[in-house]
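J.: Structure supplied as structure-v8.cif; contents: mmCIF, C-alpha atoms and all ligand atoms.
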data_final
#
loop_
_atom_site.label_atom_id
_atom_site.label_comp_id
_atom_site.auth_asym_id
_atom_site.auth_seq_id
_atom_site.Cartn_x
_atom_site.Cartn_y
_atom_site.Cartn_z
CA MET A 1 117.70 154.53 77.97
CA TRP A 2 114.77 152.30 78.89
CA CYS A 3 113.49 149.74 76.40
CA ASP A 4 109.76 149.07 76.81
CA PHE A 5 109.95 145.97 74.65
CA LEU A 6 112.61 144.19 76.71
CA GLY A 7 111.95 146.03 79.93
CA ILE A 8 115.64 146.71 80.53
CA SER A 9 118.09 149.58 80.46
CA LEU A 10 119.85 149.49 77.10
CA ARG A 11 122.78 151.84 77.39
CA ARG A 12 125.48 150.28 75.18
CA CYS A 13 123.67 147.00 74.64
CA LEU A 14 124.23 144.34 71.98
CA VAL A 15 122.24 141.13 71.96
CA ALA A 16 123.73 137.63 71.99
CA GLU A 17 122.99 135.24 69.17
CA ASN A 18 124.52 131.79 69.44
CA THR A 19 124.97 131.10 73.14
CA LYS A 20 122.68 131.15 76.14
CA ILE A 21 125.16 133.50 77.83
CA GLN A 22 123.43 136.81 77.28
CA TRP A 23 126.57 138.92 76.95
CA ALA A 24 128.48 136.70 74.49
CA THR A 25 127.86 135.90 70.84
CA HIS A 26 129.78 132.60 70.81
CA THR A 27 131.50 130.26 73.24
CA TRP A 28 134.73 128.55 72.22
CA SER A 29 137.48 127.23 74.49
CA PRO A 30 141.09 126.52 73.43
CA HIS A 31 141.02 123.57 75.81
CA ARG A 32 138.44 121.98 78.10
CA GLY A 33 138.92 121.05 81.74
CA CYS A 34 139.95 122.87 84.90
CA ALA A 35 140.58 122.53 88.64
CA LYS A 36 138.54 124.08 91.42
CA ILE A 37 140.27 126.91 93.20
CA SER A 38 137.80 128.88 95.35
CA PRO A 39 134.21 128.75 96.70
CA GLY A 40 132.76 130.04 93.42
CA CYS A 41 133.89 126.78 91.78
CA ALA A 42 131.89 124.51 94.09
CA ASN A 43 129.12 123.87 91.56
CA CYS A 44 131.14 124.56 88.37
CA TYR A 45 128.76 124.06 85.50
CA ALA A 46 131.54 123.13 83.06
CA GLU A 47 132.48 120.23 85.32
CA ARG A 48 129.02 118.73 84.85
CA GLY A 49 129.89 118.11 81.20
CA SER A 50 133.06 116.40 82.34
CA HIS A 51 131.04 113.89 84.38
CA ARG A 52 128.96 113.07 81.32
CA ASN A 53 131.76 112.92 78.77
CA PRO A 54 135.31 113.26 80.10
CA GLY A 55 136.76 112.48 76.67
CA LEU A 56 135.17 115.67 75.35
CA PHE A 57 135.16 117.96 78.39
CA GLY A 58 138.35 116.83 80.14
CA VAL A 59 138.75 115.67 83.72
CA TRP A 60 138.58 118.15 86.60
CA GLY A 61 141.48 118.42 89.06
CA VAL A 62 145.06 119.72 88.99
CA ASN A 63 146.29 116.52 87.35
CA GLY A 64 143.18 115.92 85.27
CA ASN A 65 143.25 115.53 81.52
CA ARG A 66 142.76 118.66 79.42
CA VAL A 67 141.23 118.29 75.97
CA ILE A 68 142.58 120.65 73.31
CA ASN A 69 139.88 121.99 71.00
CA ALA A 70 139.98 120.25 67.61
CA ASP A 71 138.33 123.05 65.63
CA TRP A 72 140.47 126.18 65.44
CA ASP A 73 138.86 127.27 62.16
CA LYS A 74 135.49 128.04 63.72
CA PRO A 75 136.50 131.42 65.21
CA LEU A 76 138.03 132.36 61.84
CA ALA A 77 134.65 131.72 60.22
CA TRP A 78 132.91 133.80 62.91
CA ASP A 79 135.40 136.58 62.27
CA ARG A 80 134.61 136.56 58.54
CA LYS A 81 130.89 136.63 59.30
CA ALA A 82 131.27 139.53 61.74
CA ALA A 83 133.32 141.45 59.13
CA LYS A 84 130.67 140.81 56.48
CA LEU A 85 127.93 142.05 58.77
CA GLY A 86 130.00 145.04 59.83
CA GLU A 87 129.70 144.01 63.48
CA ARG A 88 131.87 142.98 66.38
CA HIS A 89 131.07 139.63 67.97
CA ARG A 90 132.10 138.51 71.45
CA VAL A 91 133.66 135.09 72.12
CA PHE A 92 133.80 133.59 75.59
CA PRO A 93 135.93 130.50 76.45
CA SER A 94 133.45 128.99 78.87
CA LEU A 95 134.90 125.53 79.56
CA CYS A 96 138.32 126.37 80.98
CA ASP A 97 140.34 128.92 82.91
CA PRO A 98 142.73 130.28 80.26
CA PHE A 99 145.36 131.06 82.90
CA GLU A 100 145.36 127.76 84.74
CA ASP A 101 148.79 126.88 86.11
CA ARG A 102 149.61 124.15 83.57
CA GLU A 103 152.73 124.38 81.44
CA ASP A 104 151.48 121.53 79.25
CA LEU A 105 148.86 124.00 77.93
CA ASP A 106 151.37 126.66 76.88
CA GLY A 107 151.38 125.53 73.25
CA SER A 108 147.61 125.91 72.89
CA ARG A 109 147.66 129.26 74.71
CA SER A 110 150.31 130.57 72.35
CA ARG A 111 148.11 129.38 69.51
CA LEU A 112 145.15 131.16 71.12
CA LEU A 113 147.04 134.48 71.10
CA GLU A 114 147.78 133.95 67.42
CA LEU A 115 144.14 133.16 66.74
CA ILE A 116 143.07 136.28 68.61
CA SER A 117 145.34 138.40 66.43
CA LYS A 118 143.84 136.80 63.30
CA THR A 119 140.26 137.59 64.35
CA PRO A 120 140.15 141.39 64.63
CA ASN A 121 136.35 141.46 64.34
CA LEU A 122 135.91 139.31 67.44
CA ASP A 123 136.28 140.50 71.02
CA TRP A 124 137.68 137.74 73.22
CA LEU A 125 136.35 137.79 76.77
CA LEU A 126 139.04 135.96 78.73
CA LEU A 127 137.88 135.26 82.27
CA THR A 128 140.09 133.84 85.01
CA LYS A 129 140.22 133.08 88.71
CA ARG A 130 144.03 133.02 88.44
CA PRO A 131 145.17 136.47 87.30
CA GLU A 132 148.47 135.92 89.15
CA ASN A 133 149.40 133.37 86.46
CA TRP A 134 149.18 135.86 83.61
CA ARG A 135 152.71 137.23 84.04
CA PRO A 136 154.61 133.92 84.42
CA LEU A 137 152.65 132.48 81.50
CA MET A 138 153.46 135.43 79.23
CA GLN A 139 157.08 135.27 80.33
CA ARG A 140 157.35 131.57 79.48
CA LEU A 141 155.80 132.11 76.06
CA ALA A 142 157.94 135.17 75.32
CA ASN A 143 161.08 133.31 76.37
CA ALA A 144 160.19 130.36 74.17
CA GLY A 145 159.84 132.72 71.22
CA VAL A 146 159.11 130.00 68.69
CA SER A 147 155.77 131.16 67.28
CA ASP A 148 153.84 134.32 66.42
CA GLY A 149 151.77 133.72 69.55
CA ASP A 150 154.94 133.79 71.67
CA CYS A 151 155.88 137.16 70.15
CA LEU A 152 152.41 138.47 70.91
CA ALA A 153 152.90 137.35 74.53
CA GLY A 154 156.10 139.43 74.60
CA ASP A 155 154.21 142.44 73.24
CA TRP A 156 151.50 142.07 75.88
CA LEU A 157 154.11 141.76 78.60
CA ALA A 158 155.74 144.94 77.29
CA GLY A 159 152.49 146.84 77.77
CA ASN A 160 150.83 146.35 74.37
CA PRO A 161 147.79 144.19 75.02
CA PRO A 162 145.72 142.68 72.21
CA ALA A 163 143.14 145.29 71.25
CA ASN A 164 140.38 142.68 71.10
CA VAL A 165 140.89 141.02 74.47
CA TRP A 166 138.65 141.96 77.40
CA LEU A 167 140.38 140.61 80.46
CA GLY A 168 138.20 139.66 83.39
CA VAL A 169 138.40 138.05 86.80
CA SER A 170 135.69 136.16 88.68
CA VAL A 171 134.99 137.30 92.21
CA GLU A 172 132.42 135.62 94.40
CA ASN A 173 132.90 137.51 97.65
CA GLN A 174 134.97 140.23 99.30
CA GLU A 175 137.93 137.96 100.03
CA TYR A 176 138.45 137.10 96.39
CA ALA A 177 137.67 140.60 95.19
CA ASP A 178 140.48 141.85 97.40
CA LYS A 179 142.82 139.13 96.13
CA ARG A 180 142.11 139.18 92.40
CA LEU A 181 141.15 142.73 91.52
CA PRO A 182 144.46 144.40 92.46
CA ILE A 183 146.24 141.87 90.23
CA LEU A 184 143.83 142.48 87.36
CA LEU A 185 144.52 146.20 87.59
CA GLN A 186 148.24 145.55 87.08
CA ILE A 187 147.65 143.77 83.77
CA PRO A 188 147.44 145.85 80.60
CA ALA A 189 144.08 145.30 78.91
CA ALA A 190 141.81 147.04 76.41
CA ILE A 191 138.88 146.38 78.75
CA ARG A 192 138.96 145.09 82.31
CA TRP A 193 135.87 143.41 83.64
CA VAL A 194 134.57 141.49 86.60
CA SER A 195 132.27 138.49 86.72
CA TYR A 196 130.51 138.76 90.08
CA GLU A 197 128.88 135.38 89.57
CA PRO A 198 128.01 133.30 91.39
CA ALA A 199 127.77 136.17 93.85
CA LEU A 200 128.08 134.60 97.32
CA GLY A 201 128.36 137.70 99.47
CA LEU A 202 128.21 141.48 99.52
CA VAL A 203 131.27 143.04 97.84
CA ASP A 204 132.65 146.52 98.29
CA PHE A 205 134.24 147.15 94.89
CA LYS A 206 135.15 150.74 95.69
CA PRO A 207 138.87 150.22 96.46
CA HIS A 208 139.38 148.70 92.99
CA ILE A 209 136.57 149.94 90.82
CA TRP A 210 138.23 152.97 89.23
CA ASP A 211 140.06 151.08 86.50
CA ILE A 212 137.35 148.55 85.86
CA ASP A 213 135.09 148.99 82.85
CA TRP A 214 132.33 146.50 83.42
CA ILE A 215 130.77 144.31 86.13
CA VAL A 216 128.53 141.35 85.30
CA CYS A 217 126.42 140.17 88.22
CA GLY A 218 124.49 136.96 88.75
CA GLY A 219 123.22 134.44 91.26
CA GLU A 220 124.09 130.77 91.14
CA SER A 221 121.89 128.35 89.23
CA GLY A 222 121.44 124.60 89.34
CA PRO A 223 120.18 122.07 91.87
CA ARG A 224 122.76 122.99 94.53
CA ALA A 225 122.56 126.74 94.01
CA ARG A 226 123.41 128.87 97.01
CA PRO A 227 121.15 131.81 97.94
CA PHE A 228 121.63 135.11 96.14
CA ASP A 229 120.64 138.19 98.11
CA LEU A 230 119.25 140.72 95.65
CA ARG A 231 120.70 143.49 97.81
CA TRP A 232 124.20 142.36 96.77
CA ALA A 233 123.22 143.06 93.17
CA GLU A 234 121.72 146.41 94.12
CA ALA A 235 124.91 147.37 95.93
CA ALA A 236 127.06 146.44 92.91
CA ARG A 237 124.73 148.36 90.61
CA ASP A 238 124.91 151.44 92.83
CA GLN A 239 128.70 151.33 92.98
CA CYS A 240 128.85 151.08 89.19
CA LYS A 241 126.47 153.97 88.79
CA GLU A 242 128.47 156.19 91.11
CA THR A 243 131.72 155.49 89.29
CA ASP A 244 130.44 155.32 85.69
CA VAL A 245 131.29 151.64 85.41
CA LEU A 246 128.97 149.62 83.20
CA PHE A 247 126.73 147.06 84.92
CA PHE A 248 125.10 143.96 83.51
CA MET A 249 122.56 142.01 85.56
CA LYS A 250 122.76 138.51 84.10
CA GLN A 251 120.45 136.39 86.23
CA ALA A 252 118.95 136.18 89.68
CA GLY A 253 119.99 132.53 89.94
CA SER A 254 117.90 129.62 91.19
CA ARG A 255 117.60 130.87 94.79
CA PRO A 256 117.22 134.65 94.85
CA ILE A 257 116.26 135.90 98.28
CA MET A 258 114.88 139.19 99.46
CA SER A 259 114.37 140.83 102.79
CA SER A 260 111.07 140.05 104.47
CA ASP A 261 110.52 143.80 104.67
CA GLU A 262 109.71 143.74 100.97
CA ALA A 263 107.21 140.90 101.20
CA ASN A 264 103.50 141.19 101.87
CA PRO A 265 102.40 140.86 105.54
CA ILE A 266 101.44 137.18 105.31
CA LYS A 267 104.70 136.13 103.71
CA ARG A 268 106.56 138.35 106.12
CA ALA A 269 104.99 136.61 109.09
CA VAL A 270 105.86 133.19 107.66
CA CYS A 271 109.41 134.01 106.86
CA GLU A 272 109.99 135.71 110.16
CA LYS A 273 108.84 132.55 111.84
CA TYR A 274 110.75 130.04 109.77
CA ASN A 275 113.48 131.75 107.86
CA ALA A 276 115.20 134.37 110.00
CA GLY A 277 113.69 137.26 108.12
CA TRP A 278 114.39 136.05 104.61
CA ILE A 279 112.23 134.60 101.90
CA GLU A 280 113.04 133.11 98.54
CA ARG A 281 111.73 135.27 95.78
CA HIS A 282 109.35 133.51 93.41
CA ILE A 283 110.83 132.75 90.00
CA THR A 284 109.60 130.81 86.98
CA ASP A 285 112.88 130.58 85.02
CA PRO A 286 115.15 127.98 86.72
CA LYS A 287 118.14 130.29 86.40
CA GLY A 288 116.29 133.40 87.47
CA GLY A 289 116.67 134.81 83.99
CA ALA A 290 113.15 136.20 83.61
CA ILE A 291 113.89 139.90 83.69
CA GLU A 292 110.29 140.84 84.42
CA GLU A 293 110.54 139.01 87.77
CA TRP A 294 113.44 141.13 89.00
CA PRO A 295 112.98 144.33 90.96
CA GLU A 296 112.50 146.96 88.28
CA ASP A 297 115.60 148.94 89.14
CA LEU A 298 117.80 145.85 88.69
CA ARG A 299 116.85 145.45 85.04
CA VAL A 300 120.11 146.93 83.81
CA ARG A 301 122.11 145.38 80.99
CA GLU A 302 125.00 147.51 79.79
CA ILE A 303 127.84 146.27 77.61
CA PRO A 304 131.01 148.18 76.73
CA VAL A 305 131.86 148.66 73.09
CA VAL A 306 135.32 149.17 71.70
CA GLY A 307 135.79 150.11 68.08
CA ALA A 308 132.14 149.87 67.07
CA THR A 309 131.91 150.04 63.30
CA PRO A 310 129.78 152.74 61.59
CA ALA A 311 127.42 150.01 60.36
CA GLU A 312 127.06 148.65 63.86
CA ILE A 313 126.35 152.09 65.29
CA LYS A 314 123.76 152.74 62.58
CA LYS A 315 122.08 149.40 63.16
CA ALA A 316 121.98 149.94 66.91
CA GLU A 317 120.53 153.43 66.45
CA ALA A 318 117.83 152.04 64.18
CA LYS A 319 116.86 149.66 66.99
CA GLY A 320 116.80 152.50 69.49
CA MET A 321 119.87 151.11 71.25
CA PRO A 322 122.64 153.69 70.84
CA LEU A 323 126.23 152.53 71.28
CA PHE A 324 128.88 154.70 72.89
CA ASP A 325 132.45 153.85 71.99
CA SER A 326 133.74 155.61 75.04
CA THR A 327 135.76 152.98 76.81
CA GLU A 328 139.19 153.70 75.37
CA LYS A 329 141.63 154.05 78.18
CA GLU A 330 145.23 153.82 79.22
CA THR A 331 146.40 150.27 78.70
CA GLY A 332 149.97 150.51 79.96
CA LEU A 333 151.28 148.99 83.18
CA GLU A 334 150.57 151.06 86.21
S1 LIG B 401 137.84 128.27 87.56
FE1 LIG B 401 135.91 128.28 86.43
S2 LIG B 401 136.04 126.53 85.01
FE2 LIG B 401 137.61 126.26 86.60
S3 LIG B 401 136.64 124.96 88.16
FE3 LIG B 401 136.37 127.10 88.77
S4 LIG B 401 134.36 127.66 87.94
FE4 LIG B 401 135.01 125.79 86.87
#
Show me the file's structure as structure tokens.
Ligand code: SF4
T.:
Amino acid sequence: MWCDFLGISLRRCLVAENTKIQWATHTWSPHRGCAKISPGCANCYAERGSHRNPGLFGVWGVNGNRVINADWDKPLAWDRKAAKLGERHRVFPSLCDPFEDREDLDGSRSRLLELISKTPNLDWLLLTKRPENWRPLMQRLANAGVSDGDCLAGDWLAGNPPANVWLGVSVENQEYADKRLPILLQIPAAIRWVSYEPALGLVDFKPHIWDIDWIVCGGESGPRARPFDLRWAEAARDQCKETDVLFFMKQAGSRPIMSSDEANPIKRAVCEKYNAGWIERHITDPKGGAIEEWPEDLRVREIPVVGATPAEIKKAEAKGMPLFDSTEKETGLE
């Protein structure tokens, strides 16, 4: 469905409220701080907060300080609000990698699993660049067996994932898609998703795409942003379309580029002379978030829905944005 008002495709779309991340309702991290692990981390936006206030955001690096969140009641309040409204809200831990290889964080991750089980009206979008750490982490928690969270880890390990966790991996290029996606597909999850952001190269998702539910695509933003070729986004969109995987175009980033073939003759001449056939596409939003500046066929924003409530479906229908709770799937180990 096309929405004239927003100028985007609205198949299965809910709108964010309390965060600038368009596909999440809230951000909340069990701890803050991380260590860089692959090229996508080079300009980590969470690390910028660490430079300003390390006491609040933690210190980056494998031995850096991690700061445990002091407010574990907030998600409980969001859950009550979502229940009252008859909606599901999405929570994204944006200032950490929940599966970082740090045993000193096991206690807070066990507590996170407990919190997730106590917030059935929230969908938790856990995103990692370290899916290989999921199994050893769950094993350690299950072996410890001292809290409800540890038991939940044992359940997940046994093939019963939390119903309200969407498990995702970040992939920035083909190398990391080939490394991380096969591991993701081995982990039981209600929804499996991919953050193709910052996209740094063309990715062929086909070998892995069949058991993926959702791909979010975006270019890098910020002063050191690397170029984002809009054809990478088009290729991801086409692969999703062919395989009935949902696609969400988040932003074109600060340096979207396009082929000179698409530019007018004057620009084409200039870019052929100076820029090896490429030009930077004009944008007004610093993150490339102005949808109207994207190629029209990239204005696609789809979001999966699991367990949409009748009230939510009714509300979405009234807005002309129908929801389709069609993403239930096998969640056992393959
Ligand atoms: S994994 Fe994520 S949070 Fe951690 S350094 Fe990389 S980009 Fe930043």
J.: Using all atoms listed in the file, which protein or nucleic acid residues are at most 6 Å from ligand LIG 401 (chain B), as an mmCIF file with C-alpha atoms, in the frame of the given file?
T.:
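Output (out-v7.cif):
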data_model
loop_
_atom_site.group_PDB
_atom_site.id
_atom_site.type_symbol
_atom_site.label_atom_id
_atom_site.label_comp_id
_atom_site.auth_asym_id
_atom_site.auth_seq_id
_atom_site.Cartn_x
_atom_site.Cartn_y
_atom_site.Cartn_z
ATOM 1 C CA CYS A 34 139.950 122.870 84.900
ATOM 2 C CA ALA A 35 140.580 122.530 88.640
ATOM 3 C CA LYS A 36 138.540 124.080 91.420
ATOM 4 C CA ILE A 37 140.270 126.910 93.200
ATOM 5 C CA CYS A 41 133.890 126.780 91.780
ATOM 6 C CA CYS A 44 131.140 124.560 88.370
ATOM 7 C CA ALA A 46 131.540 123.130 83.060
ATOM 8 C CA LEU A 95 134.900 125.530 79.560
ATOM 9 C CA CYS A 96 138.320 126.370 80.980
ATOM 10 C CA ASP A 97 140.340 128.920 82.910
ATOM 11 C CA LYS A 129 140.220 133.080 88.710
#
J.: Restricting the calculation to only C-alpha atoms, which member of A:Val203, A:Val59, A:Leu85, A:Leu157 is positioned closest to Tyr176 in chain A?
T.: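 Between A:Val203, A:Val59, A:Leu85, A:Leu157, the residue approaching Tyr176 in chain A most closely is A:Val203.
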J.: Identify, on the basis of only C-alpha atoms, every residue whose closest approach to Glu47 in chain A does not exceed 9 Å; exclude the query and any residue fewer than 2 positions from it along the same chain; express the result as a VMD selection string.
T.: chain A and resid 33 to 34 43 to 45 49 to 52 57 to 60 95
J.: I want to know what sits within 9 Å of Gly219 in chain A, based on only C-alpha atoms, with residues of the same chain fewer than 3 positions away left out; could you give that as a VMD selection string?
T.: chain A and resid 196 to 200 225 to 230 233 250 to 256 287 to 288
J.: Give me, as a PyMOL selection string, all polymer residues having an atom no more than 10 Å from Arg102 in chain A, counting all atoms listed in the file and skipping those fewer than 2 positions away in the same chain.
T.: chain A and resi 34+62-63+66+98-100+104-106+133+137
J.: Counting all atoms listed in the file, figure out which residue out of A:Asn164, A:Ser147, A:Asn53, A:Gln139 gets nearest to Thr119 in chain A.
T.: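 Between A:Asn164, A:Ser147, A:Asn53, A:Gln139, the residue approaching Thr119 in chain A most closely is A:Asn164.
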J.: Would you work out the distance separating CA of Pro120 in chain A from CA of Val67 in chain A, expressed in Å to one decimal?
T.: 25.8 Å
J.: Given the choices A:Asp244, A:Glu132, A:Asp297, A:Asp79, which gets closest to Asp101 in chain A if the distance is worked out from all atoms listed in the file?
T.: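 Comparing A:Asp244, A:Glu132, A:Asp297, A:Asp79 against Asp101 in chain A, the winner is A:Glu132.
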J.: Do you have the CA of Val306 in chain A-CA of Met249 in chain A distance handy?
T.: 20.2 Å
J.: Have a look at A:Gly86, A:Pro207, A:Pro30, A:Pro131 and name the one nearest to Ser170 in chain A; count only C-alpha atoms.
T.: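 Ranked by minimum distance to Ser170 in chain A, first place goes to A:Pro131.
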J.: Of the candidates A:Val169, A:Val91, A:Val194, A:Leu141, which one gets nearest to Trp23 in chain A if we count only C-alpha atoms?
T.: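 Checking each of A:Val169, A:Val91, A:Val194, A:Leu141 against Trp23 in chain A, counting only C-alpha atoms, the winner is A:Val91.
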J.: Give me, please, the distance in Å between CA of Arg32 in chain A and CA of Ile183 in chain A, quoted to one decimal.
T.: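 CA of Ile183 in chain A lies 24.6 Å from CA of Arg32 in chain A.
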J.: For each of A:Arg80, A:His31, A:Arg135, A:Arg48, take the minimum atom-to-atom distance to Asn65 in chain A, counting all atoms listed in the file, then give the residue where this is smallest.
T.: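 Smallest separation from Asn65 in chain A among the options: A:His31.
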J.: Which residues come within 12 Å of Ala82 in chain A, counting only C-alpha atoms, excluding same-chain residues fewer than 2 positions away, as a list in words?
T.: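 That gives Glu17, Thr25, His26, Pro75, Leu76, Ala77, Trp78, Asp79, Arg80, Lys84, Leu85, Gly86, Glu87, Arg88, His89, Arg90, Val91, Thr119, Pro120, Asn121, Leu122, Asp123, Ala308, Thr309, Ala311 and Glu312 of chain A.
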J.: Env of Ile21 in chain A: 10 Å cut, atoms = all atoms listed in the file, seq-sep filter 6 positions within chain, self excluded. Answer as a ChimeraX atom specification.
T.: /A:27,92,94,250
J.: Write the selection just made, keeping C-alpha atoms, as a PDB file, in the coordinates of the input?
T.:
ATOM      1  CA  THR A  27     131.500 130.260  73.240  1.00  0.00           C
ATOM      2  CA  PHE A  92     133.800 133.590  75.590  1.00  0.00           C
ATOM      3  CA  SER A  94     133.450 128.990  78.870  1.00  0.00           C
ATOM      4  CA  LYS A 250     122.760 138.510  84.100  1.00  0.00           C
TER       5      LYS A 250
END
J.: With C-alpha atoms retained, output range 44-110 of chain A as a short mmCIF file (atom, residue, chain, number, x, y, z; two decimals), in the first residue's frame.
T.:
data_model
loop_
_atom_site.label_atom_id
_atom_site.label_comp_id
_atom_site.auth_asym_id
_atom_site.auth_seq_id
_atom_site.Cartn_x
_atom_site.Cartn_y
_atom_site.Cartn_z
CA CYS A 44 30.15 3.97 16.20
CA TYR A 45 27.69 6.62 17.23
CA ALA A 46 27.30 5.20 20.76
CA GLU A 47 31.03 5.71 21.31
CA ARG A 48 30.62 9.44 20.74
CA GLY A 49 28.61 9.61 23.97
CA SER A 50 31.43 7.78 25.71
CA HIS A 51 33.89 10.52 24.73
CA ARG A 52 31.58 13.14 26.22
CA ASN A 53 30.63 11.30 29.39
CA PRO A 54 32.41 8.00 30.06
CA GLY A 55 30.83 7.74 33.51
CA LEU A 56 27.42 7.48 31.85
CA PHE A 57 28.19 5.78 28.54
CA GLY A 58 31.09 3.53 29.56
CA VAL A 59 34.52 3.31 27.99
CA TRP A 60 35.02 1.65 24.60
CA GLY A 61 37.47 -1.24 24.22
CA VAL A 62 37.65 -4.88 25.31
CA ASN A 63 38.81 -3.89 28.79
CA GLY A 64 36.77 -0.69 28.99
CA ASN A 65 34.32 0.02 31.76
CA ARG A 66 30.70 -1.00 31.20
CA VAL A 67 27.99 0.97 32.97
CA ILE A 68 24.97 -1.04 34.12
CA ASN A 69 21.67 0.77 33.60
CA ALA A 70 20.34 2.15 36.89
CA ASP A 71 16.67 2.25 35.86
CA TRP A 72 15.20 -1.20 35.31
CA ASP A 73 11.66 0.00 36.12
CA LYS A 74 11.35 2.12 32.99
CA PRO A 75 10.61 -0.81 30.61
CA LEU A 76 8.03 -2.08 33.11
CA ALA A 77 6.27 1.29 32.89
CA TRP A 78 6.42 1.17 29.07
CA ASP A 79 4.93 -2.31 29.19
CA ARG A 80 2.01 -1.10 31.32
CA LYS A 81 1.45 1.80 28.94
CA ALA A 82 1.52 -0.47 25.89
CA ALA A 83 -0.98 -2.83 27.59
CA LYS A 84 -3.27 0.09 28.42
CA LEU A 85 -3.18 1.32 24.84
CA GLY A 86 -3.68 -2.19 23.49
CA GLU A 87 -0.47 -1.90 21.46
CA ARG A 88 2.91 -3.55 21.15
CA HIS A 89 5.92 -1.28 21.54
CA ARG A 90 9.44 -2.02 20.33
CA VAL A 91 12.51 -1.52 22.54
CA PHE A 92 16.01 -1.31 21.11
CA PRO A 93 19.18 -1.48 23.29
CA SER A 94 21.16 1.03 21.27
CA LEU A 95 24.24 1.65 23.44
CA CYS A 96 25.73 -1.84 23.70
CA ASP A 97 26.13 -5.18 21.99
CA PRO A 98 24.04 -7.51 24.20
CA PHE A 99 26.23 -10.49 23.28
CA GLU A 100 29.63 -8.93 23.87
CA ASP A 101 32.17 -11.47 25.12
CA ARG A 102 32.27 -10.26 28.75
CA GLU A 103 31.48 -12.64 31.59
CA ASP A 104 31.30 -9.72 34.02
CA LEU A 105 28.05 -8.73 32.25
CA ASP A 106 26.36 -12.10 32.72
CA GLY A 107 24.42 -10.95 35.79
CA SER A 108 22.83 -8.02 33.97
CA ARG A 109 22.08 -10.17 30.92
CA SER A 110 20.32 -12.73 33.08
#
